[in-house]
Amino acid sequence: MSATEQATARGDAFVIAGVTLRSRLIMGSGGAASLDALEQALRASGADLATVAMRRVDPAARGSVLDVLERAGCRVLPNTAGCHTARDAVLTARLAREALGTDWVKLEVIGDDRTLLPDPVELLDAAEQLVDDGFTVLAYTNDDPVLAKRLERVGCAAVMPLGSPIGSGAGIRNPYNLRIIVEAAEVPIVLDAGIGTASDAALAMELGCDGVLLASAVTRARDPARMALAMRHAVEAGRLAGGAGRIPKRLYAEASSPFEGMAEYPGAP
Amino acid sequence: MSATEQATARGDAFVIAGVTLRSRLIMGSGGAASLDALEQALRASGADLATVAMRRVDPAARGSVLDVLERAGCRVLPNTAGCHTARDAVLTARLAREALGTDWVKLEVIGDDRTLLPDPVELLDAAEQLVDDGFTVLAYTNDDPVLAKRLERVGCAAVMPLGSPIGSGAGIRNPYNLRIIVEAAEVPIVLDAGIGTASDAALAMELGCDGVLLASAVTRARDPARMALAMRHAVEAGRLAGGAGRIPKRLYAEASSPFEGMAEYPGAP
Amino acid sequence: MSATEQATARGDAFVIAGVTLRSRLIMGSGGAASLDALEQALRASGADLATVAMRRVDPAARGSVLDVLERAGCRVLPNTAGCHTARDAVLTARLAREALGTDWVKLEVIGDDRTLLPDPVELLDAAEQLVDDGFTVLAYTNDDPVLAKRLERVGCAAVMPLGSPIGSGAGIRNPYNLRIIVEAAEVPIVLDAGIGTASDAALAMELGCDGVLLASAVTRARDPARMALAMRHAVEAGRLAGGAGRIPKRLYAEASSPFEGMAEYPGAP
Amino acid sequence: MSATEQATARGDAFVIAGVTLRSRLIMGSGGAASLDALEQALRASGADLATVAMRRVDPAARGSVLDVLERAGCRVLPNTAGCHTARDAVLTARLAREALGTDWVKLEVIGDDRTLLPDPVELLDAAEQLVDDGFTVLAYTNDDPVLAKRLERVGCAAVMPLGSPIGSGAGIRNPYNLRIIVEAAEVPIVLDAGIGTASDAALAMELGCDGVLLASAVTRARDPARMALAMRHAVEAGRLAGGAGRIPKRLYAEASSPFEGMAEYPGAP
Amino acid sequence: MTRVLVNGEARELDQPVPAAALRALGLDPGRAGVALALNGTVLPRGQWHTAELHDGDEVEILTAVQGG
Amino acid sequence: MTRVLVNGEARELDQPVPAAALRALGLDPGRAGVALALNGTVLPRGQWHTAELHDGDEVEILTAVQGG
Amino acid sequence: MTRVLVNGEARELDQPVPAAALRALGLDPGRAGVALALNGTVLPRGQWHTAELHDGDEVEILTAVQGG
Amino acid sequence: MTRVLVNGEARELDQPVPAAALRALGLDPGRAGVALALNGTVLPRGQWHTAELHDGDEVEILTAVQGG
């Protein structure tokens, strides 16, 4: 029985909007050098949910990201990447629903092109509209606990705060905010954006996140499939560790070998 | 094929003094509530090497840590925990060789009882004596790159710098020193002491350590077997990630969805 | 000539809404054990601007915080602490203007009582209303660069991101966001909330903040006047250092004594 | 009365080997572009002790660093920079005593040219020889608490652990070790090496160091005199803050405006 | 008598003007540093002797205290 | 001929229906995984052969690509 | 009787050999996993029945326990 | 002539005393702030005119420079 199976057997299921996901690692599909590289990475990741973006159809394009996801066993999660207003994001989500036959959406409403950070006002507006329209909204957000709670209150199925800007690989810049968000949350919290390496993903899970969503850390690594496998282990490691009751941090030492029974050798100086 | 098997197949073997270890996680056996709890943790960890301490024989003791290690498939690595001088450490190592039939030793020479940090002068002296006496010395040391190099030069088979004091659970307080040690090393570097949770272990491996040795983080966790499994995944995750060519850290974002092909909806404000 | 005078002489003035402040340290007046203690702290701080809160008049109260500010040479900056809606904050600001004869206001609109973090939507709404009503708005905000920019765009005279929650003493949890805010800013940025000790204040200034606003770090320290003096030096230190062109951070060393001219002693081993 | 005078008046003197220093900032003289630049920086720093290196006399050299120190009011502290063995360091110290008429020495014994970290064995040996020979030894060391204590025990007048490698500007990489060193120390602890900017120096003092020694951070800054003034303020700030009883760090907020007396406006939504 | 809420407490005022609310708290209506809201709207000082209060009106009288 | 914008480019359609816009791009209107917006509103697939296009209409035809 | 210290406790041994020290603790001298130091020097198992103990000798008998 | 190394360079001295080594560098032997090692041992200033140098001796003459 694999670790994942064990975890599930423990009743440790990852459920969003009533759907149980086998993996707590959600993959973004952007950034891969080719569809082949993407497919290998998705397979290695063990993910069963992966994002796609909606773009103008390119008649010359060969291959389809949707076929890749299907072969890799991933449900499709369309995003609204690139939208700067609630209006555009809502329209994009509706087009995705029409095209892909899913009412799940990863909602992004960007407020600044240099940081790709969300615009809190537009994001909240879009989330509310989409929830009202029957969508299952997974909202990409910054690490503001107040905004996270408001997104939850308007009915988002999952709230997905960042660790650091999209694609920055800078890890979790403010673990305290994440901790605060997790402590107050009543929907799944998925760390989305900023992961650079495996220890970042493990940390996110240890902080209490229910899952991790990442793309660039895998797709732009030198060896995407290897990094995908690393992330799979890391998410599992962090989940297990987060629930194992870690030892406290101390300034000084705490011996792990017993003091009792030490030999005393004669003639010591 | 498991991730570990894959890694090995890639020629990624972990070899100390000519012995190939299957797992890069080395377990300390101290701190467990019972031998049963220890056995479960060792099995979950996947480790094939585990430390023991040498203490006055207790005629009333029931069960043997050596039997536990054997059942869990672990070679025994005696340590010199509790010794404060080269003389005591050398004698303890020799007694361990006599008792256990192994010339491997985890060398500890403590300079201060509050921090359990090594005494650099005594440590180096003991290492030299033991190497001369035919021991395979795995030297527990602080994170000083100069001392690490000197231990290597006197012939230690592995150098094992700490992340933070033994049992402190404080993780890796100075990752820069570890990086410097790893860059210069010509023998295996094993992060020994200070690990608190899975992400710490993953980070150690990402920094380039060849292995991780830990005890309290597992044996004193609320659920030792679960934490042991977490550490197994974490070491694997860190090893894979460290070799996958991670993306660089950036201050700003780097889009993972394409800019090209964005729709333009009429009537935008 | 004091360091502050030197700085000013260099054309390094701190100007908000056309008013030049002598000190880049703005004091909050909350948390002091007594008005006497407050007065000593204000004097030691060198601040010439200090916040007050608006509360129901207490007929039994003795002494007035306004008198203390006047004696200490501080302009009064009323805040809207405790308000949870744009409506309440706007009304409170108008009452403050009526009571105190100033159109300056430190705008706070709280979204959560446990973190005292601002509600981004209400905050932006209140800022816009107050600017339209002729106020000089200094907006307390979280560390979100998008919200900071939107506050600037609606006409805030200064944007005041936090380092960490009010009174937490946790310092600057996300210096990267601060750096991003500062790089994009076209109005003064004042680090407001979270400062715990002098090095936090120095760091804020080094990151490029134009000023620092703090209260608890001084008023709740064991020796408020001493901590106020520490903060005065720290803000000056950080300001000077931030403009002095610091050396880059390196992993390895860079000798500060020359290699040339080393003696060579004979007989060296 | 300046802050420094106040501090001294409080009985807060900085004494090494019976000599009271006015400033807790000790300057290194290396790295300056010219003797003029050095003199301005020394004057701005307020230091009354500064290091020099001993090198082969250069007949063509114009100006003397000793004259600069004298004009700037600094005692001279010769170092043994560049020495790799106890033997060379002891000889260099003796030559410095002969040349400069001081028995003070900043003892450096380098173990690795890339990191300029000390060799613990040679350093301890040299310290013992120099103390026996009547020197007042200020020992540059790594941040190992055990080595720091051993240096104290052989009679060093001050122990000077690094924050990070010489000239690296990387600040204090392991503040925990510094805290441990300071807590156990019975001689002055001076943070020596690694300071990059003012907040680093303030932090060192807050951690309980008795002084700070730095060179490159000032001499290689774009504006050395300005950075020197920054460091002067920073050391003062850190010293004051360290003794002012800072507030604790919290995860959540602690209001600085009172809850009592909040107005309640009718008609709130 | 006019029955109003002054800072959350029920008061009976001898005159139906804001100034009476201040006096009810023992405050001189001429005192500086004080502002008054009537039913959630600022009432400028110039109207404190002329604005008419009615039963059930809510009066808030605020001043500056240590804070922030 | 109907002159419309399809994905930002001017096109002349032989029939004034959305399906013609797809064909103009060389796409089979029956192809799965595609959605269409007409003047900023989603047009369900069921109307692609019946909805009437006029000169100046803006048609966006989107599909899923790698992203996020 | 030979009076020695065994693991820090005074013992009287019926025979002046290390094996007697083990037996004094209730241990079978043939037991594996045990080592013995005599006056601070390792005494190989082969000498446990032959080495001669004297009054005041210090014997340490160690085994492996959980640790490290 | 005495052939010695002065600060690593071969020199011929007109007199076999340390003071001559200083003069060979163009330095006044009375100059302050300078120290001298002969074959790895400090030679006090008082002996600069009296100590005897031999061929092959190594002289180091140091002074303070910016550093540390």
# chains A, B, ... in the order shown; residues from 1 in each chain; ligands from 1
$ select_by_dssp --residues "range 8-58 of chain G" --states "strand (DSSP E)" --output "list in words"
Glu9, Ala10, Arg11, Glu12, Leu13, Val34, Ala35, Leu36, Ala37, Leu38, Thr41, Val42 and Glu58 of chain G
$ select_by_dssp --residues "range 47-173 of chain A" --states "helix (DSSP H, G or I)" --output "MDAnalysis selection string"
chainID A and resid 65:71 86:100 120:132 145:153
$ residues_around --residues "Pro145 in chain A" --least-positions-apart "3" --cutoff "10 Å" --atoms "only C-alpha atoms" --output "ChimeraX atom specification"
/A:141-142,148-151,161,177-185 /C:111-112,115,117-119
$ residues_around --residues "Ala20 in chain G" --least-positions-apart "6" --cutoff "9 Å" --atoms "only C-alpha atoms" --output "MDAnalysis selection string"
chainID G and resid 13:14 29 48:49
$ closest_residue --among "F:Leu36, F:Val4, F:Ala24, F:Ala10" --to "Glu60 in chain F" --atoms "only C-alpha atoms"
F:Leu36
$ closest_atom_pairs --of "chain G" --to "chain A" --cutoff "9 Å" --atoms "only C-alpha atoms" --output "CSV"
residue,atom,partner,partner_atom,distance
G:Asn7,CA,A:Ala263,CA,6.9
G:Gly8,CA,A:Glu264,CA,7.4
G:Ala37,CA,A:Tyr265,CA,8.4
G:Leu38,CA,A:Tyr265,CA,8.9
G:Asn39,CA,A:Pro266,CA,6.0
G:Gly40,CA,A:Tyr265,CA,5.1
G:Thr41,CA,A:Tyr265,CA,8.6
G:Glu58,CA,A:Pro266,CA,7.2
G:Val59,CA,A:Tyr265,CA,8.8
G:Glu60,CA,A:Ala263,CA,6.5
G:Ile61,CA,A:Ala263,CA,8.3
G:Leu62,CA,A:Ala263,CA,7.6
G:Val65,CA,A:Ser257,CA,8.5
G:Gln66,CA,A:Ser257,CA,6.8
G:Gly67,CA,A:Ser257,CA,3.9
G:Gly68,CA,A:Ser257,CA,4.9
$ write_last_selection --atoms "N, CA and C atoms" --output "short mmCIF file (atom, residue, chain, number, x, y, z; two decimals), in the first residue's frame"
data_model
loop_
_atom_site.label_atom_id
_atom_site.label_comp_id
_atom_site.auth_asym_id
_atom_site.auth_seq_id
_atom_site.Cartn_x
_atom_site.Cartn_y
_atom_site.Cartn_z
N ASN G 7 30.94 -1.45 36.47
CA ASN G 7 29.99 -0.40 36.08
C ASN G 7 29.69 0.56 37.24
N GLY G 8 30.76 0.92 37.92
CA GLY G 8 30.65 1.94 38.96
C GLY G 8 30.21 1.43 40.30
N ALA G 37 35.69 -3.09 29.24
CA ALA G 37 36.91 -2.31 29.39
C ALA G 37 37.46 -2.56 30.78
N LEU G 38 38.76 -2.78 30.82
CA LEU G 38 39.42 -2.96 32.11
C LEU G 38 40.36 -1.78 32.32
N ASN G 39 40.06 -1.02 33.35
CA ASN G 39 40.89 0.16 33.66
C ASN G 39 41.09 1.06 32.43
N GLY G 40 40.02 1.24 31.67
CA GLY G 40 40.07 2.20 30.59
C GLY G 40 40.66 1.67 29.29
N THR G 41 40.79 0.36 29.20
CA THR G 41 41.29 -0.24 27.96
C THR G 41 40.38 -1.40 27.57
N GLU G 58 38.89 -1.42 37.73
CA GLU G 58 37.61 -0.86 37.29
C GLU G 58 37.20 -1.54 35.99
N VAL G 59 36.05 -2.14 36.05
CA VAL G 59 35.55 -2.87 34.90
C VAL G 59 34.29 -2.18 34.39
N GLU G 60 34.26 -1.89 33.08
CA GLU G 60 33.04 -1.35 32.46
C GLU G 60 32.53 -2.37 31.46
N ILE G 61 31.26 -2.70 31.57
CA ILE G 61 30.65 -3.66 30.64
C ILE G 61 29.52 -2.95 29.92
N LEU G 62 29.69 -2.79 28.63
CA LEU G 62 28.76 -1.94 27.87
C LEU G 62 28.00 -2.77 26.82
N VAL G 65 22.39 0.49 23.29
CA VAL G 65 21.03 0.90 23.68
C VAL G 65 20.53 1.90 22.64
N GLN G 66 19.26 2.21 22.74
CA GLN G 66 18.73 3.24 21.85
C GLN G 66 19.49 4.53 22.05
N GLY G 67 19.86 5.18 20.99
CA GLY G 67 20.56 6.44 21.18
C GLY G 67 20.98 7.05 19.86
N GLY G 68 21.14 8.36 19.90
CA GLY G 68 21.72 9.07 18.75
C GLY G 68 20.69 9.33 17.68
#
$ residues_around --residues "Val34 in chain H" --least-positions-apart "5" --cutoff "9 Å" --atoms "only C-alpha atoms" --output "list in words"
Val57, Leu95, Ala96, Glu98, Ala99 and Leu100 of chain D; Pro29, Arg45, Ile61, Leu62, Thr63 and Ala64 of chain H
$ atom_distance --atom1 "CA of Ala157 in chain C" --atom2 "CA of Val137 in chain C"
5.4 Å
$ residues_around --residues "Gln47 in chain E" --least-positions-apart "2" --cutoff "9 Å" --atoms "only C-alpha atoms" --output "list in words"
Val17, Pro18, Ala19, Leu43, Pro44, Arg45, His49, Thr50 and Ala51 of chain E
$ interface_residues --of "chain C" --to "chain A" --cutoff "6 Å" --atoms "only C-alpha atoms" --output "PyMOL selection string"
chain C and resi 111+121+146+173-174
$ write_last_selection --atoms "all heavy atoms" --output "compact mmCIF listing (two decimals), in the first residue's frame"
# COMPACT_ATOMS: atom_id res chain seq x y z
N GLY C 111 -10.80 44.64 8.69
CA GLY C 111 -11.61 43.56 8.14
C GLY C 111 -11.69 42.34 9.03
O GLY C 111 -12.44 41.40 8.74
N VAL C 121 -11.61 46.18 0.17
CA VAL C 121 -12.71 46.82 -0.56
C VAL C 121 -13.22 48.04 0.19
O VAL C 121 -13.39 49.13 -0.39
CB VAL C 121 -13.84 45.79 -0.80
CG1 VAL C 121 -14.99 46.44 -1.54
CG2 VAL C 121 -13.32 44.57 -1.55
N VAL C 146 -0.75 45.70 -5.25
CA VAL C 146 -1.86 46.16 -6.11
C VAL C 146 -2.76 47.12 -5.34
O VAL C 146 -3.14 48.18 -5.86
CB VAL C 146 -2.66 44.95 -6.64
CG1 VAL C 146 -3.91 45.41 -7.37
CG2 VAL C 146 -1.78 44.10 -7.56
N ARG C 173 7.40 40.95 7.72
CA ARG C 173 7.31 39.54 7.36
C ARG C 173 7.57 39.31 5.88
O ARG C 173 7.99 38.25 5.49
CB ARG C 173 5.93 38.99 7.74
CG ARG C 173 5.82 38.79 9.25
CD ARG C 173 4.53 38.08 9.62
NE ARG C 173 4.52 37.80 11.06
CZ ARG C 173 3.42 37.66 11.77
NH1 ARG C 173 2.23 37.77 11.20
NH2 ARG C 173 3.48 37.39 13.06
N ASN C 174 7.28 40.28 5.06
CA ASN C 174 7.50 40.10 3.62
C ASN C 174 8.22 41.32 3.04
O ASN C 174 7.59 42.19 2.43
CB ASN C 174 6.17 39.86 2.91
CG ASN C 174 6.38 39.46 1.47
OD1 ASN C 174 7.44 39.71 0.90
ND2 ASN C 174 5.38 38.84 0.87
$ residues_around --residues "Ala215 in chain C" --least-positions-apart "2" --cutoff "6 Å" --atoms "only C-alpha atoms" --output "list of chain:residue names"
C:Met27, C:Gly28, C:Ala217, C:Val218, C:Thr219
